[in-house]
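Source file: structure07.cif; contents: mmCIF, N, CA, C and O atoms.
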data_work
loop_
_atom_site.group_PDB
_atom_site.id
_atom_site.type_symbol
_atom_site.label_atom_id
_atom_site.label_comp_id
_atom_site.auth_asym_id
_atom_site.auth_seq_id
_atom_site.Cartn_x
_atom_site.Cartn_y
_atom_site.Cartn_z
ATOM 1 N N MET A 1 6.528 6.031 -0.078
ATOM 2 C CA MET A 1 5.549 6.761 0.699
ATOM 3 C C MET A 1 4.431 7.236 -0.235
ATOM 4 O O MET A 1 4.689 7.785 -1.294
ATOM 5 N N LEU A 2 3.202 7.035 0.194
ATOM 6 C CA LEU A 2 2.055 7.451 -0.600
ATOM 7 C C LEU A 2 1.698 8.905 -0.303
ATOM 8 O O LEU A 2 1.788 9.346 0.843
ATOM 9 N N THR A 3 1.276 9.611 -1.344
ATOM 10 C CA THR A 3 0.796 10.978 -1.165
ATOM 11 C C THR A 3 -0.582 10.941 -0.514
ATOM 12 O O THR A 3 -1.226 9.884 -0.431
ATOM 13 N N ALA A 4 -1.055 12.097 -0.102
ATOM 14 C CA ALA A 4 -2.393 12.184 0.493
ATOM 15 C C ALA A 4 -3.450 11.695 -0.495
ATOM 16 O O ALA A 4 -4.366 10.954 -0.128
ATOM 17 N N ARG A 5 -3.313 12.058 -1.759
ATOM 18 C CA ARG A 5 -4.295 11.641 -2.772
ATOM 19 C C ARG A 5 -4.224 10.139 -3.003
ATOM 20 O O ARG A 5 -5.251 9.479 -3.137
ATOM 21 N N GLU A 6 -3.011 9.597 -3.034
ATOM 22 C CA GLU A 6 -2.859 8.159 -3.222
ATOM 23 C C GLU A 6 -3.459 7.386 -2.046
ATOM 24 O O GLU A 6 -4.057 6.330 -2.238
ATOM 25 N N LEU A 7 -3.334 7.923 -0.842
ATOM 26 C CA LEU A 7 -3.969 7.290 0.314
ATOM 27 C C LEU A 7 -5.485 7.318 0.188
ATOM 28 O O LEU A 7 -6.173 6.357 0.547
ATOM 29 N N GLU A 8 -5.998 8.424 -0.347
ATOM 30 C CA GLU A 8 -7.434 8.534 -0.604
ATOM 31 C C GLU A 8 -7.881 7.463 -1.595
ATOM 32 O O GLU A 8 -8.886 6.776 -1.387
ATOM 33 N N VAL A 9 -7.114 7.318 -2.670
ATOM 34 C CA VAL A 9 -7.413 6.321 -3.696
ATOM 35 C C VAL A 9 -7.313 4.914 -3.103
ATOM 36 O O VAL A 9 -8.183 4.067 -3.345
ATOM 37 N N LEU A 10 -6.294 4.668 -2.306
ATOM 38 C CA LEU A 10 -6.127 3.363 -1.677
ATOM 39 C C LEU A 10 -7.326 3.037 -0.795
ATOM 40 O O LEU A 10 -7.830 1.911 -0.803
ATOM 41 N N GLY A 11 -7.806 4.007 -0.062
ATOM 42 C CA GLY A 11 -8.990 3.793 0.764
ATOM 43 C C GLY A 11 -10.204 3.412 -0.050
ATOM 44 O O GLY A 11 -10.971 2.517 0.323
ATOM 45 N N LEU A 12 -10.371 4.064 -1.199
ATOM 46 C CA LEU A 12 -11.493 3.734 -2.076
ATOM 47 C C LEU A 12 -11.321 2.341 -2.671
ATOM 48 O O LEU A 12 -12.280 1.571 -2.764
ATOM 49 N N LEU A 13 -10.098 1.998 -3.055
ATOM 50 C CA LEU A 13 -9.844 0.654 -3.561
ATOM 51 C C LEU A 13 -10.160 -0.387 -2.494
ATOM 52 O O LEU A 13 -10.715 -1.444 -2.791
ATOM 53 N N ALA A 14 -9.828 -0.075 -1.262
ATOM 54 C CA ALA A 14 -10.096 -0.991 -0.155
ATOM 55 C C ALA A 14 -11.595 -1.219 0.022
ATOM 56 O O ALA A 14 -12.018 -2.287 0.459
ATOM 57 N N ASP A 15 -12.380 -0.209 -0.348
ATOM 58 C CA ASP A 15 -13.832 -0.333 -0.277
ATOM 59 C C ASP A 15 -14.414 -1.016 -1.510
ATOM 60 O O ASP A 15 -15.628 -1.157 -1.621
ATOM 61 N N GLY A 16 -13.545 -1.406 -2.441
ATOM 62 C CA GLY A 16 -14.004 -2.098 -3.644
ATOM 63 C C GLY A 16 -14.509 -1.189 -4.739
ATOM 64 O O GLY A 16 -15.201 -1.623 -5.654
ATOM 65 N N VAL A 17 -14.149 0.090 -4.664
ATOM 66 C CA VAL A 17 -14.611 1.077 -5.640
ATOM 67 C C VAL A 17 -13.812 0.930 -6.936
ATOM 68 O O VAL A 17 -12.595 0.764 -6.916
ATOM 69 N N SER A 18 -14.485 0.991 -8.063
ATOM 70 C CA SER A 18 -13.831 0.889 -9.366
ATOM 71 C C SER A 18 -13.087 2.178 -9.698
ATOM 72 O O SER A 18 -13.345 3.234 -9.107
ATOM 73 N N THR A 19 -12.187 2.090 -10.658
ATOM 74 C CA THR A 19 -11.435 3.269 -11.092
ATOM 75 C C THR A 19 -12.381 4.340 -11.625
ATOM 76 O O THR A 19 -12.209 5.525 -11.341
ATOM 77 N N ARG A 20 -13.387 3.921 -12.353
ATOM 78 C CA ARG A 20 -14.367 4.882 -12.892
ATOM 79 C C ARG A 20 -15.091 5.599 -11.749
ATOM 80 O O ARG A 20 -15.290 6.817 -11.786
ATOM 81 N N GLU A 21 -15.461 4.859 -10.727
ATOM 82 C CA GLU A 21 -16.148 5.466 -9.587
ATOM 83 C C GLU A 21 -15.201 6.368 -8.789
ATOM 84 O O GLU A 21 -15.612 7.409 -8.281
ATOM 85 N N ILE A 22 -13.928 5.979 -8.701
ATOM 86 C CA ILE A 22 -12.938 6.830 -8.035
ATOM 87 C C ILE A 22 -12.878 8.185 -8.733
ATOM 88 O O ILE A 22 -12.877 9.231 -8.091
ATOM 89 N N SER A 23 -12.842 8.157 -10.067
ATOM 90 C CA SER A 23 -12.778 9.421 -10.809
ATOM 91 C C SER A 23 -14.000 10.285 -10.519
ATOM 92 O O SER A 23 -13.883 11.498 -10.340
ATOM 93 N N SER A 24 -15.151 9.657 -10.427
ATOM 94 C CA SER A 24 -16.378 10.391 -10.150
ATOM 95 C C SER A 24 -16.390 10.956 -8.731
ATOM 96 O O SER A 24 -16.704 12.133 -8.524
ATOM 97 N N ARG A 25 -16.028 10.144 -7.767
ATOM 98 C CA ARG A 25 -16.057 10.585 -6.364
ATOM 99 C C ARG A 25 -15.038 11.670 -6.058
ATOM 100 O O ARG A 25 -15.275 12.527 -5.212
ATOM 101 N N LEU A 26 -13.888 11.614 -6.721
ATOM 102 C CA LEU A 26 -12.829 12.592 -6.454
ATOM 103 C C LEU A 26 -12.847 13.771 -7.419
ATOM 104 O O LEU A 26 -11.984 14.646 -7.344
ATOM 105 N N PHE A 27 -13.813 13.760 -8.345
ATOM 106 C CA PHE A 27 -13.948 14.851 -9.320
ATOM 107 C C PHE A 27 -12.680 15.025 -10.146
ATOM 108 O O PHE A 27 -12.187 16.145 -10.336
ATOM 109 N N ILE A 28 -12.149 13.889 -10.628
ATOM 110 C CA ILE A 28 -10.964 13.893 -11.476
ATOM 111 C C ILE A 28 -11.281 13.092 -12.726
ATOM 112 O O ILE A 28 -12.239 12.315 -12.756
ATOM 113 N N SER A 29 -10.475 13.259 -13.768
ATOM 114 C CA SER A 29 -10.711 12.510 -14.999
ATOM 115 C C SER A 29 -10.411 11.029 -14.774
ATOM 116 O O SER A 29 -9.684 10.644 -13.845
ATOM 117 N N LEU A 30 -10.959 10.211 -15.638
ATOM 118 C CA LEU A 30 -10.717 8.777 -15.563
ATOM 119 C C LEU A 30 -9.230 8.476 -15.730
ATOM 120 O O LEU A 30 -8.673 7.636 -15.017
ATOM 121 N N ASN A 31 -8.566 9.174 -16.643
ATOM 122 C CA ASN A 31 -7.125 8.961 -16.833
ATOM 123 C C ASN A 31 -6.330 9.312 -15.580
ATOM 124 O O ASN A 31 -5.389 8.602 -15.222
ATOM 125 N N THR A 32 -6.714 10.392 -14.910
ATOM 126 C CA THR A 32 -6.026 10.765 -13.676
ATOM 127 C C THR A 32 -6.254 9.699 -12.604
ATOM 128 O O THR A 32 -5.327 9.321 -11.890
ATOM 129 N N ALA A 33 -7.472 9.216 -12.495
ATOM 130 C CA ALA A 33 -7.768 8.150 -11.528
ATOM 131 C C ALA A 33 -6.934 6.909 -11.833
ATOM 132 O O ALA A 33 -6.366 6.295 -10.921
ATOM 133 N N ARG A 34 -6.849 6.552 -13.112
ATOM 134 C CA ARG A 34 -6.032 5.392 -13.498
ATOM 135 C C ARG A 34 -4.569 5.603 -13.115
ATOM 136 O O ARG A 34 -3.908 4.687 -12.632
ATOM 137 N N ASN A 35 -4.065 6.816 -13.318
ATOM 138 C CA ASN A 35 -2.680 7.120 -12.948
ATOM 139 C C ASN A 35 -2.466 6.961 -11.445
ATOM 140 O O ASN A 35 -1.462 6.396 -11.014
ATOM 141 N N HIS A 36 -3.404 7.458 -10.657
ATOM 142 C CA HIS A 36 -3.293 7.321 -9.205
ATOM 143 C C HIS A 36 -3.293 5.846 -8.804
ATOM 144 O O HIS A 36 -2.483 5.419 -7.978
ATOM 145 N N VAL A 37 -4.198 5.075 -9.379
ATOM 146 C CA VAL A 37 -4.282 3.641 -9.059
ATOM 147 C C VAL A 37 -2.972 2.956 -9.428
ATOM 148 O O VAL A 37 -2.424 2.174 -8.644
ATOM 149 N N GLN A 38 -2.440 3.269 -10.605
ATOM 150 C CA GLN A 38 -1.189 2.646 -11.037
ATOM 151 C C GLN A 38 -0.028 3.012 -10.113
ATOM 152 O O GLN A 38 0.813 2.163 -9.803
ATOM 153 N N ARG A 39 0.025 4.259 -9.659
ATOM 154 C CA ARG A 39 1.093 4.664 -8.737
ATOM 155 C C ARG A 39 0.972 3.955 -7.396
ATOM 156 O O ARG A 39 1.965 3.541 -6.805
ATOM 157 N N VAL A 40 -0.259 3.794 -6.915
ATOM 158 C CA VAL A 40 -0.475 3.067 -5.661
ATOM 159 C C VAL A 40 0.007 1.632 -5.811
ATOM 160 O O VAL A 40 0.739 1.115 -4.961
ATOM 161 N N ILE A 41 -0.377 0.994 -6.909
ATOM 162 C CA ILE A 41 0.036 -0.391 -7.153
ATOM 163 C C ILE A 41 1.550 -0.483 -7.248
ATOM 164 O O ILE A 41 2.167 -1.373 -6.664
ATOM 165 N N ALA A 42 2.161 0.444 -7.970
ATOM 166 C CA ALA A 42 3.618 0.428 -8.133
ATOM 167 C C ALA A 42 4.328 0.608 -6.797
ATOM 168 O O ALA A 42 5.322 -0.062 -6.517
ATOM 169 N N LYS A 43 3.813 1.513 -5.971
ATOM 170 C CA LYS A 43 4.455 1.776 -4.692
ATOM 171 C C LYS A 43 4.267 0.632 -3.700
ATOM 172 O O LYS A 43 5.149 0.359 -2.898
ATOM 173 N N LEU A 44 3.106 -0.013 -3.753
ATOM 174 C CA LEU A 44 2.846 -1.108 -2.816
ATOM 175 C C LEU A 44 3.370 -2.438 -3.332
ATOM 176 O O LEU A 44 3.577 -3.361 -2.551
ATOM 177 N N GLY A 45 3.555 -2.531 -4.660
ATOM 178 C CA GLY A 45 4.084 -3.753 -5.249
ATOM 179 C C GLY A 45 3.257 -4.972 -4.904
ATOM 180 O O GLY A 45 2.043 -4.966 -4.996
ATOM 181 N N ALA A 46 3.906 -6.006 -4.463
ATOM 182 C CA ALA A 46 3.251 -7.283 -4.193
ATOM 183 C C ALA A 46 2.346 -7.227 -2.971
ATOM 184 O O ALA A 46 1.622 -8.177 -2.701
ATOM 185 N N GLN A 47 2.363 -6.139 -2.228
ATOM 186 C CA GLN A 47 1.505 -6.036 -1.048
ATOM 187 C C GLN A 47 0.034 -5.903 -1.411
ATOM 188 O O GLN A 47 -0.827 -6.147 -0.590
ATOM 189 N N LEU A 48 -0.247 -5.508 -2.658
ATOM 190 C CA LEU A 48 -1.621 -5.301 -3.086
ATOM 191 C C LEU A 48 -2.199 -6.614 -3.588
ATOM 192 O O LEU A 48 -1.597 -7.263 -4.438
ATOM 193 N N PRO A 49 -3.349 -7.036 -3.087
ATOM 194 C CA PRO A 49 -3.956 -8.279 -3.555
ATOM 195 C C PRO A 49 -4.235 -8.241 -5.049
ATOM 196 O O PRO A 49 -4.373 -7.171 -5.641
ATOM 197 N N ALA A 50 -4.318 -9.406 -5.650
ATOM 198 C CA ALA A 50 -4.603 -9.514 -7.084
ATOM 199 C C ALA A 50 -5.950 -8.884 -7.400
ATOM 200 O O ALA A 50 -6.812 -8.734 -6.537
ATOM 201 N N ARG A 51 -6.150 -8.545 -8.658
ATOM 202 C CA ARG A 51 -7.412 -7.959 -9.108
ATOM 203 C C ARG A 51 -8.577 -8.794 -8.600
ATOM 204 O O ARG A 51 -8.544 -10.008 -8.633
ATOM 205 N N GLY A 52 -9.607 -8.117 -8.148
ATOM 206 C CA GLY A 52 -10.744 -8.821 -7.586
ATOM 207 C C GLY A 52 -10.635 -8.948 -6.071
ATOM 208 O O GLY A 52 -11.606 -9.213 -5.400
ATOM 209 N N GLY A 53 -9.454 -8.728 -5.538
ATOM 210 C CA GLY A 53 -9.260 -8.831 -4.105
ATOM 211 C C GLY A 53 -9.186 -7.479 -3.434
ATOM 212 O O GLY A 53 -8.891 -7.386 -2.252
ATOM 213 N N ARG A 54 -9.475 -6.423 -4.175
ATOM 214 C CA ARG A 54 -9.354 -5.076 -3.634
ATOM 215 C C ARG A 54 -10.192 -4.888 -2.382
ATOM 216 O O ARG A 54 -9.773 -4.228 -1.460
ATOM 217 N N HIS A 55 -11.380 -5.494 -2.372
ATOM 218 C CA HIS A 55 -12.271 -5.290 -1.240
ATOM 219 C C HIS A 55 -11.722 -5.896 0.043
ATOM 220 O O HIS A 55 -12.208 -5.620 1.111
ATOM 221 N N ARG A 56 -10.682 -6.699 -0.045
ATOM 222 C CA ARG A 56 -10.112 -7.318 1.136
ATOM 223 C C ARG A 56 -8.964 -6.496 1.732
ATOM 224 O O ARG A 56 -8.413 -6.873 2.744
ATOM 225 N N LEU A 57 -8.609 -5.393 1.127
ATOM 226 C CA LEU A 57 -7.489 -4.593 1.621
ATOM 227 C C LEU A 57 -7.663 -4.202 3.084
ATOM 228 O O LEU A 57 -6.763 -4.372 3.880
ATOM 229 N N GLY A 58 -8.815 -3.660 3.425
ATOM 230 C CA GLY A 58 -9.042 -3.217 4.785
ATOM 231 C C GLY A 58 -9.027 -4.357 5.780
ATOM 232 O O GLY A 58 -8.451 -4.264 6.847
ATOM 233 N N ARG A 59 -9.633 -5.470 5.410
ATOM 234 C CA ARG A 59 -9.692 -6.611 6.309
ATOM 235 C C ARG A 59 -8.377 -7.344 6.408
ATOM 236 O O ARG A 59 -8.134 -8.059 7.371
ATOM 237 N N SER A 60 -7.492 -7.176 5.433
ATOM 238 C CA SER A 60 -6.219 -7.894 5.463
ATOM 239 C C SER A 60 -5.181 -7.184 6.317
ATOM 240 O O SER A 60 -4.121 -7.717 6.562
ATOM 241 N N GLY A 61 -5.500 -5.969 6.761
ATOM 242 C CA GLY A 61 -4.575 -5.259 7.625
ATOM 243 C C GLY A 61 -3.681 -4.282 6.891
ATOM 244 O O GLY A 61 -2.884 -3.596 7.503
ATOM 245 N N ILE A 62 -3.767 -4.216 5.560
ATOM 246 C CA ILE A 62 -2.955 -3.245 4.825
ATOM 247 C C ILE A 62 -3.392 -1.843 5.210
ATOM 248 O O ILE A 62 -2.583 -0.949 5.373
ATOM 249 N N LEU A 63 -4.694 -1.669 5.388
ATOM 250 C CA LEU A 63 -5.205 -0.383 5.844
ATOM 251 C C LEU A 63 -5.688 -0.552 7.276
ATOM 252 O O LEU A 63 -6.264 -1.559 7.625
ATOM 253 N N SER A 64 -5.474 0.448 8.067
ATOM 254 C CA SER A 64 -6.002 0.400 9.422
ATOM 255 C C SER A 64 -6.883 1.617 9.649
ATOM 256 O O SER A 64 -6.682 2.657 9.037
ATOM 257 N N ALA A 65 -7.853 1.451 10.477
ATOM 258 C CA ALA A 65 -8.749 2.567 10.781
ATOM 259 C C ALA A 65 -7.954 3.654 11.483
ATOM 260 O O ALA A 65 -7.098 3.372 12.293
ATOM 261 N N GLY A 66 -8.279 4.872 11.105
ATOM 262 C CA GLY A 66 -7.508 5.762 11.777
ATOM 263 C C GLY A 66 -7.451 7.130 11.870
ATOM 264 O O GLY A 66 -6.855 7.839 12.419
#

Go through the file and emit its structure as structure tokens.
Amino acid sequence: MLTARELEVLGLLADGVSTREISSRLFISLNTARNHVQRVIAKLGAQLPARGGRHRLGRSGILSAG
């Protein structure tokens, strides 16, 4: 189960936002943003598209509007 912050990060990843931009938008350090991204990847495992495919998360159905 993803935390509220991890869901926020996942949404940004789905929009194709970089880790550096995530840190800026969420007002957190780059290391903290990297940790959140890594936890999301670990929790979702193979469900997350390969690097470069982040922008397809929303269209692939992993995320739903809501």

Show me, as a ChimeraX atom specification, the residues that have an atom within 8 Å of stretch 10-12 of chain A when counting only C-alpha atoms, minus same-chain residues fewer than 3 positions from it.
/A:6-7,15-17,22,37,40,63

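Counting from atom O of A:Leu30, the distance to atom O of A:Leu13 is 15.4 Å.
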
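The space between atom N of A:Ser18 and atom C of A:Arg34 spans 12.0 Å.
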
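If you look at atom CA of A:Ile28 and atom O of A:Met1, they are 19.6 Å away from each other.
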